[in-house]
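Okay, so here's the structure we're looking at.
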Amino acid sequence: MRVGLLPNEGGGSYRFVIIALAIVGILISSLPVIVVTIMSFSAADNTGFPPEALSLRWYWDVIALFTADDASSAQSVVDSTLTSLLVAVIVMGISTFVCIPLAYALARGDRRIRGGMELLFTLPLVFPLVILGIAFLLIAESLRVDIGIWRIVIPHVALVLPFVLRNCLGAMNGISVEIEEAAVSLGASPLRAIWDVVIPLMKAGILAGLIFALIISFNEFTITFFMYTIDVSTLPIWMYSRTVSSLDPSTLALSVFIIVADVVLIVLVDKLIAGRASLF
Amino acid sequence: MSTQNTHLHIDGVSKNFGDVKALSNIDLKIERGSFVCLLGPSGCGKTTLLRIIAGFESASSGRLLLDGSDIAQVPPHKRGFGMVFQSLALFPHMSVARNIAYGLKLRGVSGKEQRDRVEELLNVIQLPSIADRPVSALSGGQRQRVAIARALAIQPKLFLLDEPLSALDAKLRDNMQIELRQLQQKFGVTTILVTHDQHEAMMLADELVVLKDGAVRQSAAPSVVYQQPADSFVADFLGAANLINVGSVQGGQVQLLGKLTAVDTAHADNTMMQAAVRAEHISLAPVAQAGGAAVGTIEFMRDLGPSTEIVVAVDGESLRVRSPNVDCQGLSIGTQVAVSVDPSQVSVFKA
């Protein structure tokens, strides 16, 4: 058996510290999820914690919200969910379409340019989100035309690009120039070599980037809060507007649905990065 | 060499990277069906020359003539040269069969023909049952063979190899050298191999091109390069040669270990000269039999199994001598011996 660098066998004090830190970490990161999930099963009309009795009534409420025919509020939640999904898919598409060639060019190009470009694309991450929201709002308002859904898509793309680019670059790093040259020497044009060899080898990184883009865009609130209009609004905005007056457990039930979907996607990312599995 | 038989003519090729001259005025004619080794230390420009031939680098000046026509403007994917890379560069996301068939697929060869050709090549490389395996499941030697098969599958006009055996262990490398030579003869393809390993080059090449600092130092058959090195660099690079300062030419002769030795008449009097003598061409004898030969003292001895390596100090120079064990009876460190060389095995050149 391998000898650990830290004495962690037989109940050493290191082991105690590691377990204590792990528990604190898990609690901090999962506490909100646990609380929301428990409260969503509450039988009461308010959001007192812990709930005195359990029921599924708020889940039925959520389903009713989505299926109710004519109520104006129901229309809005369906609309904003569809808008959220549409925005997320467009953001995913654009960011991937931009990042694959960009990552290729940066990985194959001058090292100094690469450093500078990476820094540039990381800027939206270090910029305070509120200021970013105001900035995008100023830009959108200065335009004389109504750009519809794009007033949300464009800021989301800016926000998501660093994540997608990083994943694509990481994938490119493992692909040697020789492997492309091998394809070319066998008769592939340079573009064909990229299509046949580089893209398939980047696949895990590309997919991880895609899913990151989808999750970040779907959950984004701060910038969207500045950008939404009556016609174009997203699910997080709808949830906020619903809870701002009184906290309604049906919102919590809805968020449990979103959490489940997110967790499935994150597990998928993890499998792709760690296991190098392929989806297609 | 007749012009018809010249397959590739490298005509005055130079390459500059900024101010650095990587290749200067390389002139080589490569015969059809021959096996040429570009040999030299790292940084001598051998890989750059191979990449220029493959089309991955462009020459700063000079021409590349394939069967008499200039191929400078032909992009690498249209040259039809099979190449084996130092890293092998197999496609990790494809099976062995798809790796080998890749070049055929690009040429629009039918599926059945692709399968037949893959099967044939796998038989040639003696790995008939690995077609469906992923590349990652292969051993080093198997990858090597697959990379060679992939390059040969397209029936290349030229077969280019960039230090393909350097990653293998010594025994496997030995076997692969023999196999590579047999494959090359079987396919009759004009082959250019880059290596820094003189044993590999000696073993494989019909023609050995020794490069240093971007220039050709000698280009000849391996036995000629070994026995008649053109200069001290070639002599030194091709295995354990003793380089001896033999002073200046006087009347067409130099003093080598106490004996006058004739040199090429092209060298004028008073030119300083050097001689290269291989360890196995120096013989030792008891001092009583010196007969005018130089006398030296044994400084070091080690038994190498079939032979003994002896270092002898003569006239202020340390000579490496290798002689069969039977001739070494009675010799020990400190013994005085007469040292002589076979004049026919000595190369003398300008220092």
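Residue numbering restarts at 1 for every chain of the structure tokens, chains are lettered A, B, ... in their displayed order, and ligands are numbered from 1 as they appear.
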
Residues of chain A within 8 Å of chain B, counting only C-alpha atoms - could you list those as a ChimeraX atom specification? /A:176,178-179,181-190,197,200-201

Selection above as a file: N, CA and C atoms, as a short mmCIF file (atom, residue, chain, number, x, y, z; two decimals), in the first residue's frame:
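Result saved to result.cif:
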```cif
data_model
loop_
_atom_site.label_atom_id
_atom_site.label_comp_id
_atom_site.auth_asym_id
_atom_site.auth_seq_id
_atom_site.Cartn_x
_atom_site.Cartn_y
_atom_site.Cartn_z
N SER A 176 -0.90 18.13 -30.28
CA SER A 176 0.36 18.59 -30.83
C SER A 176 0.20 18.98 -32.29
N GLU A 178 2.21 18.19 -34.53
CA GLU A 178 2.60 17.03 -35.34
C GLU A 178 1.40 16.20 -35.77
N ILE A 179 0.40 16.13 -34.89
CA ILE A 179 -0.75 15.29 -35.21
C ILE A 179 -1.54 15.89 -36.39
N GLU A 181 -0.05 17.84 -38.65
CA GLU A 181 0.84 17.67 -39.80
C GLU A 181 0.76 16.25 -40.35
N ALA A 182 0.55 15.28 -39.43
CA ALA A 182 0.41 13.90 -39.88
C ALA A 182 -0.78 13.78 -40.81
N ALA A 183 -1.91 14.40 -40.42
CA ALA A 183 -3.10 14.35 -41.27
C ALA A 183 -2.82 15.02 -42.61
N VAL A 184 -2.12 16.17 -42.57
CA VAL A 184 -1.81 16.90 -43.80
C VAL A 184 -0.89 16.06 -44.70
N SER A 185 0.10 15.40 -44.08
CA SER A 185 1.03 14.61 -44.89
C SER A 185 0.31 13.45 -45.56
N LEU A 186 -0.80 13.01 -44.96
CA LEU A 186 -1.56 11.90 -45.55
C LEU A 186 -2.54 12.40 -46.61
N GLY A 187 -2.59 13.72 -46.80
CA GLY A 187 -3.41 14.24 -47.90
C GLY A 187 -4.57 15.13 -47.49
N ALA A 188 -4.70 15.44 -46.19
CA ALA A 188 -5.80 16.30 -45.76
C ALA A 188 -5.40 17.76 -45.95
N SER A 189 -6.32 18.58 -46.48
CA SER A 189 -6.06 20.01 -46.54
C SER A 189 -6.02 20.51 -45.09
N PRO A 190 -5.39 21.67 -44.83
CA PRO A 190 -5.30 22.14 -43.44
C PRO A 190 -6.67 22.21 -42.74
N VAL A 197 -9.23 15.86 -37.16
CA VAL A 197 -8.34 15.51 -36.05
C VAL A 197 -8.49 16.45 -34.86
N PRO A 200 -12.34 16.60 -33.19
CA PRO A 200 -12.68 15.41 -32.38
C PRO A 200 -11.87 15.32 -31.09
N LEU A 201 -10.60 15.76 -31.13
CA LEU A 201 -9.79 15.68 -29.92
C LEU A 201 -10.15 16.78 -28.92
#
```

Q.
Just list as a VMD selection string whatever in range 114-181 of chain A DSSP marks as helix (DSSP H, G or I).
A. chain A and resid 114 to 126 129 to 142 150 to 173 177 to 181

Q: From the DSSP assignment of the backbone, select every residue of range 152-322 of chain B that is strand (DSSP E or B), and format the answer as number ranges by chain.
A: B: 158-162, 190-195, 207-212, 215-220, 241-248, 250, 253-256, 259-262, 272-278, 282-286, 294-303, 307-314, 317-322

The selected residues should be written to file as a PDB file, in the first residue's frame (atoms: C-alpha atoms).
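Once written, part_15.pdb looks like this:
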```
ATOM      1  CA  LEU B 158       8.955   9.684 -50.778  1.00  0.00           C
ATOM      2  CA  PHE B 159       9.037   8.076 -47.340  1.00  0.00           C
ATOM      3  CA  LEU B 160      10.210  10.559 -44.707  1.00  0.00           C
ATOM      4  CA  LEU B 161      11.080   9.607 -41.134  1.00  0.00           C
ATOM      5  CA  ASP B 162      11.967  12.048 -38.354  1.00  0.00           C
ATOM      6  CA  THR B 190      12.887   6.328 -51.788  1.00  0.00           C
ATOM      7  CA  THR B 191      13.423   6.972 -48.097  1.00  0.00           C
ATOM      8  CA  ILE B 192      14.939   9.829 -46.108  1.00  0.00           C
ATOM      9  CA  LEU B 193      15.490   9.265 -42.396  1.00  0.00           C
ATOM     10  CA  VAL B 194      16.686  11.832 -39.889  1.00  0.00           C
ATOM     11  CA  THR B 195      18.687  10.578 -36.926  1.00  0.00           C
ATOM     12  CA  GLU B 207      23.862   6.942 -48.450  1.00  0.00           C
ATOM     13  CA  LEU B 208      24.878   8.774 -45.322  1.00  0.00           C
ATOM     14  CA  VAL B 209      24.679  12.563 -45.217  1.00  0.00           C
ATOM     15  CA  VAL B 210      26.519  14.054 -42.257  1.00  0.00           C
ATOM     16  CA  LEU B 211      25.329  17.551 -41.372  1.00  0.00           C
ATOM     17  CA  LYS B 212      26.750  20.113 -39.012  1.00  0.00           C
ATOM     18  CA  ALA B 215      25.984  22.374 -43.948  1.00  0.00           C
ATOM     19  CA  VAL B 216      26.774  18.984 -45.452  1.00  0.00           C
ATOM     20  CA  ARG B 217      30.145  17.747 -44.152  1.00  0.00           C
ATOM     21  CA  GLN B 218      30.201  14.474 -46.047  1.00  0.00           C
ATOM     22  CA  SER B 219      27.803  12.521 -48.212  1.00  0.00           C
ATOM     23  CA  ALA B 220      28.755   8.982 -49.176  1.00  0.00           C
ATOM     24  CA  ALA B 241      38.055   7.622 -33.600  1.00  0.00           C
ATOM     25  CA  ASN B 242      41.365   8.902 -32.268  1.00  0.00           C
ATOM     26  CA  LEU B 243      42.208  12.324 -33.595  1.00  0.00           C
ATOM     27  CA  ILE B 244      45.984  12.798 -33.695  1.00  0.00           C
ATOM     28  CA  ASN B 245      47.801  16.031 -34.510  1.00  0.00           C
ATOM     29  CA  VAL B 246      50.398  15.099 -37.062  1.00  0.00           C
ATOM     30  CA  GLY B 247      52.036  18.462 -37.676  1.00  0.00           C
ATOM     31  CA  SER B 248      52.519  20.035 -41.059  1.00  0.00           C
ATOM     32  CA  GLN B 250      56.593  18.159 -45.561  1.00  0.00           C
ATOM     33  CA  GLN B 253      54.262  13.369 -45.938  1.00  0.00           C
ATOM     34  CA  VAL B 254      53.410  13.769 -42.267  1.00  0.00           C
ATOM     35  CA  GLN B 255      54.817  12.171 -39.118  1.00  0.00           C
ATOM     36  CA  LEU B 256      52.296   9.712 -37.670  1.00  0.00           C
ATOM     37  CA  LYS B 259      56.463   6.941 -39.120  1.00  0.00           C
ATOM     38  CA  LEU B 260      56.280   9.016 -42.279  1.00  0.00           C
ATOM     39  CA  THR B 261      52.879   8.710 -43.873  1.00  0.00           C
ATOM     40  CA  ALA B 262      51.947   9.963 -47.337  1.00  0.00           C
ATOM     41  CA  MET B 272      48.761  21.630 -40.531  1.00  0.00           C
ATOM     42  CA  MET B 273      47.148  18.194 -40.582  1.00  0.00           C
ATOM     43  CA  GLN B 274      45.179  15.818 -38.356  1.00  0.00           C
ATOM     44  CA  ALA B 275      44.789  12.067 -38.627  1.00  0.00           C
ATOM     45  CA  ALA B 276      41.843   9.900 -37.586  1.00  0.00           C
ATOM     46  CA  VAL B 277      42.519   6.321 -36.543  1.00  0.00           C
ATOM     47  CA  ARG B 278      39.852   4.007 -35.145  1.00  0.00           C
ATOM     48  CA  ILE B 282      45.852   0.500 -33.625  1.00  0.00           C
ATOM     49  CA  SER B 283      48.044  -2.433 -32.652  1.00  0.00           C
ATOM     50  CA  LEU B 284      50.250  -2.821 -29.594  1.00  0.00           C
ATOM     51  CA  ALA B 285      53.477  -4.849 -29.416  1.00  0.00           C
ATOM     52  CA  PRO B 286      56.270  -5.424 -26.881  1.00  0.00           C
ATOM     53  CA  ALA B 294      56.373   5.103 -31.197  1.00  0.00           C
ATOM     54  CA  VAL B 295      56.519   3.834 -27.637  1.00  0.00           C
ATOM     55  CA  GLY B 296      53.766   4.652 -25.161  1.00  0.00           C
ATOM     56  CA  THR B 297      52.626   3.851 -21.644  1.00  0.00           C
ATOM     57  CA  ILE B 298      49.337   2.130 -20.774  1.00  0.00           C
ATOM     58  CA  GLU B 299      47.209   4.489 -18.677  1.00  0.00           C
ATOM     59  CA  PHE B 300      43.951   2.580 -18.387  1.00  0.00           C
ATOM     60  CA  MET B 301      42.497  -0.814 -19.269  1.00  0.00           C
ATOM     61  CA  ARG B 302      39.013  -2.283 -19.130  1.00  0.00           C
ATOM     62  CA  ASP B 303      37.679  -5.622 -20.253  1.00  0.00           C
ATOM     63  CA  SER B 307      37.850  -7.156 -26.488  1.00  0.00           C
ATOM     64  CA  THR B 308      39.758  -4.895 -24.157  1.00  0.00           C
ATOM     65  CA  GLU B 309      39.811  -1.119 -24.319  1.00  0.00           C
ATOM     66  CA  ILE B 310      43.209   0.327 -23.534  1.00  0.00           C
ATOM     67  CA  VAL B 311      44.241   3.960 -23.251  1.00  0.00           C
ATOM     68  CA  VAL B 312      47.882   4.531 -24.212  1.00  0.00           C
ATOM     69  CA  ALA B 313      49.773   7.801 -23.736  1.00  0.00           C
ATOM     70  CA  VAL B 314      52.047   8.477 -26.721  1.00  0.00           C
ATOM     71  CA  GLU B 317      48.329  12.215 -26.740  1.00  0.00           C
ATOM     72  CA  SER B 318      45.963   9.673 -25.209  1.00  0.00           C
ATOM     73  CA  LEU B 319      44.968   7.031 -27.748  1.00  0.00           C
ATOM     74  CA  ARG B 320      42.058   4.653 -27.363  1.00  0.00           C
ATOM     75  CA  VAL B 321      42.959   1.188 -28.524  1.00  0.00           C
ATOM     76  CA  ARG B 322      40.621  -1.777 -28.797  1.00  0.00           C
TER      77      ARG B 322
END
```

Would you mind listing what lies within 12 Å of range 26-31 of chain B as an NGL selection string, with only C-alpha atoms counted and same-chain residues fewer than 5 positions away left out?
:B and (1-15 or 21 or 36-38 or 45-46 or 48-50 or 52-53 or 59-68 or 158 or 188-192 or 205-220)

When you look at Tyr228 in chain A with a cut-off of 8 Å (counting only C-alpha atoms), what residues show up, excluding the ones that are within fewer than 5 positions of it in the same chain? I need them as a PyMOL selection string.
chain A and resi 151-152+233-234

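The coordinates place CA of Asn25 in chain B at 13.4 Å from CA of Cys44 in chain B.
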
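Every protein or nucleic acid residue with an atom no more than 8 Å from range 34-38 of chain A, counting only C-alpha atoms and leaving out same-chain residues fewer than 4 positions away, appears here: Ser30, Ser42, Pro50, Pro51, Leu252, Ala253, Ser255 and Val256 of chain A.
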
Which polymer residues have any atom within 9 Å of an atom of range 264-268 of chain A, counting only C-alpha atoms, with same-chain residues fewer than 5 positions away left out, as a PDB file with N, CA and C atoms, in the first residue's frame?
```
ATOM      1  N   ALA A 208     -17.728  20.539 -22.425  1.00  0.00           N
ATOM      2  CA  ALA A 208     -17.692  21.117 -21.082  1.00  0.00           C
ATOM      3  C   ALA A 208     -17.999  22.605 -21.169  1.00  0.00           C
ATOM      4  N   ILE A 211     -21.735  23.293 -21.792  1.00  0.00           N
ATOM      5  CA  ILE A 211     -22.615  23.111 -20.641  1.00  0.00           C
ATOM      6  C   ILE A 211     -22.425  24.241 -19.631  1.00  0.00           C
ATOM      7  N   PHE A 212     -21.165  24.673 -19.448  1.00  0.00           N
ATOM      8  CA  PHE A 212     -20.911  25.847 -18.601  1.00  0.00           C
ATOM      9  C   PHE A 212     -21.707  27.038 -19.112  1.00  0.00           C
ATOM     10  N   ILE A 215     -25.472  26.717 -18.331  1.00  0.00           N
ATOM     11  CA  ILE A 215     -25.834  26.897 -16.924  1.00  0.00           C
ATOM     12  C   ILE A 215     -25.670  28.353 -16.505  1.00  0.00           C
ATOM     13  N   ILE A 259     -32.454  23.235  -9.941  1.00  0.00           N
ATOM     14  CA  ILE A 259     -31.260  22.651  -9.323  1.00  0.00           C
ATOM     15  C   ILE A 259     -31.005  21.254  -9.866  1.00  0.00           C
ATOM     16  N   ILE A 273     -14.805  15.952 -18.356  1.00  0.00           N
ATOM     17  CA  ILE A 273     -13.454  16.443 -18.108  1.00  0.00           C
ATOM     18  C   ILE A 273     -12.594  15.340 -17.498  1.00  0.00           C
TER      19      ILE A 273
END
```

(Q) One decimal, in Å: what's the spacing between CA of Ala338 in chain B and CA of Gln289 in chain B? (A)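 Computing it gives 7.2 Å between the two atoms.
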